[in-house]
Structures are given as C-alpha cells and as structure tokens.
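Below: one structure, written as structure tokens.
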Amino acid sequence: MSNIDLKALVSQMTLQEKVDQLFQLTGNFFLSAQADITGPMGFFGLDEESLKSIGTVLGSGGAEKIIEIQKKHLSEDRNKIPMVFMRDIIHGCRTVYPMPLAMGSSFDTELMEECSYMAAREASVSGTQVTFTPMVDISRDARWGRIMESCGEDPYLNSVMGAAQVKGFQGDDISKPDRVATCVKHLAAYGAGEAGRDYNNVEVSERALREFYFPPYKACVDAGTKMVMPSFNSLNGIPPIANKWLLKNVLRDEWGFNGVIISDWNAVGELINQGLADGYKECARLSFEAGCDIEMMSPAYHKHLAELIGEGKILEEELDAAVLRFLEFKEELGLFDDPYHGADPIKEKELALCPEHREIAYRAACESAVLLKNDGVLPFSKDVKRIALIGPFADTGAIKGAWAGSGRDDECVTVREGIERLLPNAQIVTAVGCSATIGDNDTSGFDEAIKAAKDADAVVICIGEPQNYSGEGCSRTDLHLTGVQEELAKAVSAANKNSAVLLFNGRPLVLTDIVDNVNAILEMWMPGTEGGSAAASLLFGDVNPCGKLCVSFPKSVGQCPIYYNYFNTGKPKKKKDGEYESFTSNYLDCGNLPLFFFGEGLSYTDFVYESMTIDKNVLDENGEINVSVRVRNAGERDGKEVVQLYIRDLISEAVRPVQELIGFKKVFLKAGESGTVTFRITEPQLRYYNFNCECVSEKGDFTVSVGYANHMKLTDKFTLE
Ligand code: BGC
C-alpha cells in the first residue's frame, strides 16, 4: 500500500478533474493519431488538455501499448493519478477456453476458477487490470445472442459459477501482478428481453427478480467483486443506469456493495433514446443520482456534471465520494505503487498459449462437451483407416466464440488437426459440403461430401452456427441450423451409418428436424483454442463425455422462453409420455417439453442411481438434513457423472417452481465402481419470496430428487417444521 492520502488528493483536484476521473474512454483516444478534435474528440467535448485527467481506459490490451499510454498519462496528469485499464476478458485472453454457456455445462466450479485464473494471468501481463466479467444474466431464451456469455438458465448454477469466476480472477489480493479485478454484469435481468431481442424492454416482477434473476449478481457481490455494471435494458420501465431502487436500495443498501459502479457502453447517453432525458445534461443527472460512478463512452458527465454541481442539482460531496471510491479501488489494485500492475511484454509472450494454458483449455473443452444422442456409434474405434470430415466446421479455427479476448481463429486447433494428431496413420478426407451462412442454399458440395462419407470407415459431420451469429446484438428468430446444413447432415448420415454430428454453436439450436436422422450428436459449443483436440479425444474415446446442458434446447422456437424450473399452471394434465393433454396449457402443434433438457447429457458408460438416503425426514430452523446418493458406474468405461439435487416446495403462499436445483457434485467412478455423494440441506436453502415478497421459508413438505428434469431417478420427502 502506498502512503498516499487519497482524501487530500481529492481535495486538491479541480471540479472538472474530479468529473473526468469518472470518465472512461477507449485506448484510441490516448494514441496521438486518434486525437482528432473534429472526430470523436469533438463529440465527447474533449481537447488535448482534458484528456490528461481521464480516469480509466477500456478495450485496449497489449503490455507495450498499455505501458506507453500509462507512461504518457502520468507525465501529463498534474495529479499523477494512474488510469485503470479495463477489458472484456470473458473466456480467455490469448488462450481461449470454452464460452461461458459451455463452461456452465461442465458443472465444474473448480475448473471455472482454474480457467478464470489462467485468463487473469494472461490478461494481467498484457496490461488489463479489470475484466468486465462474470456475466450472470439468467438466460431462458435461446433467441438472445448473449445467452452464450452466461452459464444458462439456472440461478444456482449461475451463482456458483459467477462466484468461481470472481475468485479465479481476483484471488485474495487484486494488487498481485497475476490478478485482475472483476466487474459483474449486467444488473439486472438483461437476459429477459422481450422476444429474445437484444437490448429490448424487460418486464419482470419484483418477486421474479429476487427469486431468479438477482441471486447470481448477489453471489458475485458476496464473493467480493470489485465492480458492478448495470444493464442496457429498461427494467419495469426504468433503465438500470437511472434506477435508484436497483443501484442504491438493492445493490448498496441490501447487498452491502461498496465497490465501483460503471455504466455499460454509452448507457448513460442512451437515456435520451429511451425517453428519460432530453439531452446529455439530464442523462448525467439521472445516472449520477441513481448511483452510477463511472461513465463509459458517453459525454454526459464530462460535459455536464460540473455544471449540475454549480447549479446545486448535484452535491459536490457526492462527486467527491464517488471519486474517492474510485481512487481507493486504484489503491487496492496497487496502482499508486506500480501503475503498470502486471503489464510485462516478456511474460505476455511467454504465457500466451503456453503448454500449461493449452492443457487447461483442452480439459475445459472436454468437460463442457455434452453428448446429446448416441445410437452406439460413439466412441469410434481408433483402428478406423479412413475418416471423412464433413461440414463447414470440419477444418476451421473459427470455433473460439464471440468475446474471445485476443484469441485468434488461426491459433485454434481445428477438428481436422485434432484428429490428425490423435490418429497420424489414418487417412482423412475433408469435404465441407455447404456453408453455414444464413440464406446460402448452395448444395453443390453435397455429392462430394456423400461420396467421402460412403468411402469412409467413420464420418464426423461438423455443423452448427457461425461464431459471429451469437454474442452482443446477435438475436435470431430461427434457431434451426443455418443454410442447408440440416439437409447435409441427413444426406451424409444416410450414406454412412457410422457417423456422428459434432455441433459448434453459441446457443441452443432447434435440432428437432435432424435428431432422428443422425446417429449421434456431440455438442461442442464454441470450445476455444483446444476445441479440435478435445473433439478428437471425445470422438475416439480417450475422454468420456460428462457435460450436462445448462440450458434447455427447445423443440421449436415458439416454445421460447423455455426452462426447467417453471411454475405449474392450473391445467397441467399429462399423458403417460410426459406431454400434455388438450384443453391443458399446451400448444396444438408442439409439446411443452424441450427436445433436450437442462441437466441432460449422456456418457459412454451407464450410471445407475442405486439409492438415496435422507438422514432425517424433519428439518427444524437450526437443523440440517443430509441426503446421500449412491451411484454405480454400471458400464465398461470409467466416467464422470454430475449428480444433481433438486427440491420442490409442495404447498406455499405463492407459486413455486416444479423443480429447483440446490446442489450438484461431479464424481469420477471407474467402471464397475460405486460411490456416495452427500448433500446438506439447511433451512435458508428453502426460502423464497412469499405473498408479501418477503424472503421466508414456510413450514410444510418438500420433495427432494436426484436426476434431471422429467428424468428424476430417485425422490423422497421431508418436512420443515
Ligand atoms: C457490452 C458490455 C461490455 C462493454 C464494454 C457493451 O456493449 O454490453 O458487456 O462489457 O460493451 O466492451
């Protein structure tokens, strides 16, 4: 810690310097070529002088560049306050691990923490001090492109995965050169945009906010995240950036968050389009009053905060408090002692894609893959002589996914490369067959693909959705495979039954029209740098798939939003197969159930749930119940199983979900081996928001089950007294 007196520092700053401490701009502004006062500089009301006291930079990486910008800044800023460099390091910096939706499907918090720490190490040496992660927006709607940035539809899973990311990036001390501070986003319920359209209006009751959407953000606050970013969407009529209730009452007062709040990109200025403000001055007043400390890439604070203070509309003490909070954060990062934090061009080169990091990315890609269907073709024998690789994802590195830091497509191992490395003596023929571009109906490559399939001993059909079709601003209304990939998959599967589909995609897709025509489906998501190596290991049985979906795959886009923890209706009558009878809550042309469920995922071995034992059937407020589940690997291969524990509150004041995940454990069992997994249930886990929206537990009966969705293996009951 430096000996600097931060309060004294604030008091020596001019009013405008204090305002500009809370202004974040991209790195381009600090490289002389961009400093053009007729361009962006003019829009932001900036000149050479005002740039000298800006507090923070976003979006730039690379140790040399960051060191250069910081050095120049410190030579010019009369207060000598280092800038903080922030960036979106979402699933890796240079070494890319699977996108968050894939990581969610690993159901592995330790792995998530390990991956986050790896990203922190690479990011920190490349000059990044804060990452805009974790993103924990509950995502129930596959139309939304940003679903790929979350860990899916479940509050508990997003909470534990979010907390693991905070821990993995921050560690115990963010001043350490291998650590990066986190900024949890996007508060709140950004994933609930109407019709799955990005940035769209969100109408969610306070009860649903508190029960489903808030817990993951709160878990990240509890885990110690240093920053929070409010979301773009308007929330029940009030955009979060201007929402005092959300930022002050809930985030600061209820959750006790005392870190820094930063706007999303121009979210302050967007209040004009949203109709809350007639100009930037009003944007500044509304956002600052609501509690937003830092403005990212809009000119409102810079141009108008000092004026608002002069007019007495905002108190200077409030500004001083926000500046002090930010300076304290800089102090905690250790920037007053070492303004470059971990930035180091030599280490940056050493760490980027180093073998240790590649190994972590490989493991993560293996653990997050989900086997959705297997007629018995997988794993392929390693003795196959000729392998046909079909489809637009057969030999491409464009499988790292959106928001992939400084990762590059040409640094990702393609499926072809992965298989070549694993089976150097096999003869591999690649035939792309068609593109994955929306609207491209060209089938002229089919003949070659079918011929290659016929001539092969094993066929891998690599299809999906291009990586730039998911991520920010990438909503879709059609969730089928793009272009003519469905036809390709069917034709190739018909030509050779020893074939399997490998899926590369950033969101759940509607696979209804191909599921019965293909022999196996292995969901790889956007697996990152080592995607091709992981695919090879999984296809040829070196690794047994163990991922479980963290998000439901709809049968039809018309089912969206769709999620496992829904509320029962008053007309839920089911037929034997689990589908619904008519004059019940149903569709005429499609069942209610998804094609693939949250929690679902096959293995090359069989797990048998032998028994579930509850140590007592009555829980009092101070007690606990231990649930032990005995699982046996009844197959012939070693494997991992994610044992998932769900509860249901049977009678309550307000409607409760039909199932709620409250715990999970991943166990490794050798072929033939049995193991016992024990979960602890305590009263706080049974709380929910009652008639008055108070967080309480209610006395009465609960069921406890293991399995997933409508495939529960064992169920028992207990009572809360
Ligand atoms: C996104 C944020 C991101 C920010 C900075 C915005 O458009 O919504 O998630 O952190 O840009 O890159």
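Identifiers for the structure tokens are assigned positionally: chains receive A, B, ... in sequence, residues are indexed from 1 per chain, and ligands are indexed from 1 in the order shown.
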Write out as a Markdown table the residues of segment 99-152 of chain A that have any atom within 6 Å of an atom of segment 195-214 of chain A, one row each with the nearest atom pair and its distance in Å to one decimal, counting only C-alpha atoms, sorted by chain and then rising number.
| residue | atom | partner | partner_atom | distance |
| --- | --- | --- | --- | --- |
| A:Ile138 | CA | A:Tyr213 | CA | 6.0 |
| A:Asp141 | CA | A:Gly196 | CA | 5.8 |
| A:Arg143 | CA | A:Gly196 | CA | 4.9 |
| A:Trp144 | CA | A:Gly196 | CA | 4.5 |
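Pocket residues of ligand 1, taken as those with any atom at most 6 Å away using only C-alpha atoms and all ligand atoms, are A:Asp88, A:Phe132, A:Asp264, A:Trp265.
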File of the preceding selection, N, CA and C atoms, as a PDB file, in the first residue's frame:
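Printed below is selection.pdb as written:
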ATOM      1  N   ASP A  88     -12.820  -6.645 -21.788  1.00  0.00           N
ATOM      2  CA  ASP A  88     -13.709  -7.810 -21.719  1.00  0.00           C
ATOM      3  C   ASP A  88     -12.894  -9.089 -21.881  1.00  0.00           C
ATOM      4  N   PHE A 132     -14.486  -7.107 -17.523  1.00  0.00           N
ATOM      5  CA  PHE A 132     -15.948  -6.974 -17.457  1.00  0.00           C
ATOM      6  C   PHE A 132     -16.561  -8.368 -17.481  1.00  0.00           C
ATOM      7  N   ASP A 264     -22.675   0.693 -18.665  1.00  0.00           N
ATOM      8  CA  ASP A 264     -22.296  -0.019 -19.882  1.00  0.00           C
ATOM      9  C   ASP A 264     -22.022   1.043 -20.953  1.00  0.00           C
ATOM     10  N   TRP A 265     -21.527   0.588 -22.083  1.00  0.00           N
ATOM     11  CA  TRP A 265     -21.072   1.467 -23.175  1.00  0.00           C
ATOM     12  C   TRP A 265     -22.189   2.451 -23.576  1.00  0.00           C
TER      13      TRP A 265
END
Pick out the closest residue to Ile651 of chain A from this set: A:Phe553, A:Phe169, A:Phe702, A:Phe583. Count only C-alpha atoms.
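Going through A:Phe553, A:Phe169, A:Phe702, A:Phe583 one by one, the smallest distance to Ile651 of chain A is for A:Phe702.
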Check the DSSP output for the backbone and give back, as a ChimeraX atom specification, the residues of segment 306-519 of chain A in alpha helix (DSSP H).
/A:306-310,316-332,345-351,355-368,415-422,446-455,485-495
What lies within 8 Å of Arg285 of chain A using only C-alpha atoms, ignoring chain neighbours under 6 positions off, as a ChimeraX atom specification?
/A:305,308,313-314
Next, the residues of the selection above should be written as a PDB file, in the first residue's frame with C-alpha atoms.
ATOM      1  CA  LEU A 305     -21.579  17.139 -14.174  1.00  0.00           C
ATOM      2  CA  LEU A 308     -25.012  20.432 -12.473  1.00  0.00           C
ATOM      3  CA  LYS A 313     -28.578  20.000  -8.621  1.00  0.00           C
ATOM      4  CA  ILE A 314     -25.881  17.540  -7.575  1.00  0.00           C
TER       5      ILE A 314
END
What's the 12 Å shell around Val432 of chain A, counting only C-alpha atoms, without same-chain residues fewer than 2 positions away, as a PyMOL selection string?
chain A and resi 388-396+416+429-430+434-436+442-450+452-453+460-463+484-485+488-489+492
Using DSSP on the backbone, list every residue of segment 458-573 of chain A that comes out as strand (DSSP E), and give them as a ChimeraX atom specification.
/A:458-464,499-504,520-523
Please produce an output containing all heavy atoms for each residue in the selection, written as a compact mmCIF listing (two decimals), in the first residue's frame.
# COMPACT_ATOMS: atom_id res chain seq x y z
N ALA A 458 -15.43 -44.09 -40.77
CA ALA A 458 -16.11 -43.27 -39.75
C ALA A 458 -16.29 -41.87 -40.31
O ALA A 458 -15.41 -41.37 -41.02
CB ALA A 458 -15.29 -43.22 -38.47
N VAL A 459 -17.44 -41.27 -39.98
CA VAL A 459 -17.75 -39.95 -40.55
C VAL A 459 -18.07 -38.97 -39.42
O VAL A 459 -18.88 -39.28 -38.54
CB VAL A 459 -18.98 -40.03 -41.49
CG1 VAL A 459 -19.25 -38.69 -42.14
CG2 VAL A 459 -18.78 -41.11 -42.54
N VAL A 460 -17.45 -37.82 -39.48
CA VAL A 460 -17.72 -36.78 -38.48
C VAL A 460 -18.36 -35.60 -39.21
O VAL A 460 -17.75 -35.04 -40.13
CB VAL A 460 -16.42 -36.32 -37.78
CG1 VAL A 460 -16.76 -35.38 -36.64
CG2 VAL A 460 -15.63 -37.51 -37.27
N ILE A 461 -19.58 -35.27 -38.81
CA ILE A 461 -20.32 -34.20 -39.50
C ILE A 461 -20.27 -32.95 -38.62
O ILE A 461 -20.92 -32.89 -37.56
CB ILE A 461 -21.79 -34.63 -39.74
CG1 ILE A 461 -21.82 -35.99 -40.44
CG2 ILE A 461 -22.53 -33.58 -40.55
CD1 ILE A 461 -23.20 -36.65 -40.46
N CYS A 462 -19.47 -31.98 -39.03
CA CYS A 462 -19.21 -30.82 -38.18
C CYS A 462 -20.07 -29.65 -38.63
O CYS A 462 -19.75 -28.96 -39.62
CB CYS A 462 -17.74 -30.44 -38.27
SG CYS A 462 -16.63 -31.81 -37.92
N ILE A 463 -21.16 -29.44 -37.92
CA ILE A 463 -22.11 -28.41 -38.33
C ILE A 463 -22.43 -27.51 -37.14
O ILE A 463 -22.02 -27.79 -36.02
CB ILE A 463 -23.40 -29.05 -38.89
CG1 ILE A 463 -23.96 -30.10 -37.91
CG2 ILE A 463 -23.14 -29.67 -40.27
CD1 ILE A 463 -25.23 -30.77 -38.38
N GLY A 464 -23.16 -26.43 -37.41
CA GLY A 464 -23.52 -25.54 -36.31
C GLY A 464 -23.92 -24.16 -36.76
O GLY A 464 -24.58 -23.99 -37.80
N SER A 499 -21.62 -42.63 -38.43
CA SER A 499 -21.36 -41.19 -38.48
C SER A 499 -21.90 -40.52 -37.23
O SER A 499 -22.86 -40.99 -36.61
CB SER A 499 -22.01 -40.59 -39.72
OG SER A 499 -23.38 -40.90 -39.74
N ALA A 500 -21.28 -39.42 -36.88
CA ALA A 500 -21.71 -38.66 -35.69
C ALA A 500 -21.67 -37.18 -36.02
O ALA A 500 -20.79 -36.72 -36.76
CB ALA A 500 -20.77 -38.94 -34.53
N VAL A 501 -22.61 -36.44 -35.45
CA VAL A 501 -22.64 -34.99 -35.64
C VAL A 501 -21.87 -34.34 -34.50
O VAL A 501 -22.08 -34.66 -33.32
CB VAL A 501 -24.11 -34.47 -35.64
CG1 VAL A 501 -24.16 -32.96 -35.48
CG2 VAL A 501 -24.82 -34.90 -36.92
N LEU A 502 -21.00 -33.41 -34.85
CA LEU A 502 -20.32 -32.56 -33.87
C LEU A 502 -20.93 -31.18 -34.04
O LEU A 502 -20.90 -30.63 -35.14
CB LEU A 502 -18.85 -32.42 -34.21
CG LEU A 502 -17.79 -33.34 -33.67
CD1 LEU A 502 -16.43 -32.73 -33.92
CD2 LEU A 502 -17.96 -33.61 -32.18
N LEU A 503 -21.45 -30.62 -32.97
CA LEU A 503 -22.11 -29.32 -33.09
C LEU A 503 -21.24 -28.21 -32.54
O LEU A 503 -20.69 -28.32 -31.44
CB LEU A 503 -23.39 -29.32 -32.25
CG LEU A 503 -24.69 -29.81 -32.86
CD1 LEU A 503 -25.79 -29.61 -31.82
CD2 LEU A 503 -25.04 -29.06 -34.14
N PHE A 504 -21.16 -27.12 -33.31
CA PHE A 504 -20.45 -25.92 -32.87
C PHE A 504 -21.44 -24.78 -32.90
O PHE A 504 -21.92 -24.42 -33.99
CB PHE A 504 -19.26 -25.64 -33.79
CG PHE A 504 -18.22 -26.72 -33.73
CD1 PHE A 504 -18.30 -27.83 -34.57
CD2 PHE A 504 -17.20 -26.67 -32.80
CE1 PHE A 504 -17.36 -28.85 -34.49
CE2 PHE A 504 -16.26 -27.69 -32.71
CZ PHE A 504 -16.34 -28.78 -33.56
N ALA A 520 -25.56 -39.87 -33.86
CA ALA A 520 -25.02 -39.37 -32.60
C ALA A 520 -24.88 -37.86 -32.71
O ALA A 520 -24.65 -37.32 -33.80
CB ALA A 520 -23.66 -40.00 -32.31
N ILE A 521 -25.03 -37.18 -31.58
CA ILE A 521 -24.82 -35.72 -31.56
C ILE A 521 -23.96 -35.39 -30.35
O ILE A 521 -24.33 -35.68 -29.21
CB ILE A 521 -26.14 -34.93 -31.45
CG1 ILE A 521 -27.11 -35.29 -32.59
CG2 ILE A 521 -25.87 -33.42 -31.46
CD1 ILE A 521 -28.47 -34.59 -32.50
N LEU A 522 -22.83 -34.78 -30.62
CA LEU A 522 -21.96 -34.33 -29.54
C LEU A 522 -21.89 -32.80 -29.61
O LEU A 522 -21.38 -32.24 -30.58
CB LEU A 522 -20.57 -34.95 -29.70
CG LEU A 522 -19.53 -34.61 -28.63
CD1 LEU A 522 -19.98 -35.03 -27.24
CD2 LEU A 522 -18.18 -35.29 -28.95
N GLU A 523 -22.43 -32.17 -28.58
CA GLU A 523 -22.46 -30.69 -28.53
C GLU A 523 -21.10 -30.18 -28.05
O GLU A 523 -20.73 -30.42 -26.90
CB GLU A 523 -23.57 -30.27 -27.56
CG GLU A 523 -23.65 -28.80 -27.24
CD GLU A 523 -23.86 -27.92 -28.45
OE1 GLU A 523 -25.00 -27.80 -28.93
OE2 GLU A 523 -22.85 -27.35 -28.91
Which residues come within 7 Å of segment 398-402 of chain A, counting only C-alpha atoms, excluding same-chain residues fewer than 2 positions away, as number ranges by chain?
A: 96, 99, 396, 404, 409, 467-468, 470-471, 504, 506, 526-529
Quick check, in Å to one decimal: how far apart do atom CA of Tyr689 of chain A and atom CA of Tyr646 of chain A lie?
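Calculated distance between atom CA of Tyr689 of chain A and atom CA of Tyr646 of chain A is 18.2 Å.
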Please provide as a ChimeraX atom specification all residues within 8 Å of Val57 of chain A, with the sequence filter that same-chain residues fewer than 4 positions apart are discarded (counting only C-alpha atoms).
/A:24-27,83-86
Tell me which protein, DNA and RNA residues are within 7 Å of Arg94 of chain A, counting only C-alpha atoms, leaving out same-chain ones fewer than 4 positions away, and put them as an MDAnalysis selection string.
chainID A and resid 122 352:353 405:407
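When only C-alpha atoms are used to compute distances to Ser533 of chain A, the closest of the residues A:Ser263, A:Thr414, A:Ser124, A:Ser287 turns out to be A:Thr414.
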Determine the nearest neighbour of Gly663 of chain A from the options A:Cys183, A:Met296, A:Leu157, A:Ala431, counting only C-alpha atoms.
A:Leu157
